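K.L.:
Would you mind keeping the following structure in view while I ask a few things?
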Amino acid sequence: MELTDLPNIGPKLADNLRRVGVSSAEQLRELGTREAFLRIRAQVDPAACFHQLTALAGAEAGVPKKALSQEEKRALRTFFDSL
């Protein structure tokens, strides 16, 4: 499965993922949302936003980011705000 086959992953986010060594859906799932986001922030886009984080979380879960639970969104916001 290609990265862009995942929900929420467009060409720009797929490119960011490839640039940090993630080239497949399986690699994203193994690495995890938070680590993938941290790598993007450190290596590619220091201004990566909360929307990228939620997009990655949705992609990892296989759902559109709007389908993430409120609890998951709160946890992601806490993580994002701690950076």
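Scheme for the structure tokens: letters A, B, ... for chains in order shown; per-chain residue numbers from 1; ligand numbers from 1 in order shown.
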Produce a table with one row for each residue of region 5-52 of chain A that has an atom at most 8 Å from any atom of region 61-79 of chain A, each row naming the nearest atom pair and its distance in Å at one decimal; use only C-alpha atoms; arrange rows by chain and rising residue number; format as a Markdown table.

P.N.:
| residue | atom | partner | partner_atom | distance |
| --- | --- | --- | --- | --- |
| A:Leu6 | CA | A:Gly62 | CA | 6.5 |
| A:Pro7 | CA | A:Pro64 | CA | 5.4 |
| A:Asn8 | CA | A:Pro64 | CA | 6.0 |
| A:Phe50 | CA | A:Arg77 | CA | 7.3 |

K.L.:
Do a neighbour search on Leu3 (chain A) at 10 Å with only C-alpha atoms, toss out local chain neighbours closer than 5 positions, and write the hits as a PyMOL selection string.

P.N.:
chain A and resi 8-11+13-15+17-18+22-28+59

K.L.:
Give the alpha helix (DSSP H) residues of chain A, as assigned by DSSP on the backbone, as a ChimeraX atom specification.

P.N.:
/A:11-19,25-31,33-43,50-61,70-81

K.L.:
Can you build me a table of region 48-80 of chain A residues sitting at most 9 Å from region 36-42 of chain A, with the closest atom pair per residue and its distance in Å to one decimal, using only C-alpha atoms, sorted by chain and residue number, as a Markdown table?

P.N.:
| residue | atom | partner | partner_atom | distance |
| --- | --- | --- | --- | --- |
| A:Ala48 | CA | A:Arg41 | CA | 5.8 |
| A:Cys49 | CA | A:Arg41 | CA | 9.0 |
| A:Gln52 | CA | A:Phe37 | CA | 7.7 |
| A:Leu53 | CA | A:Phe37 | CA | 6.2 |
| A:Leu56 | CA | A:Phe37 | CA | 7.6 |
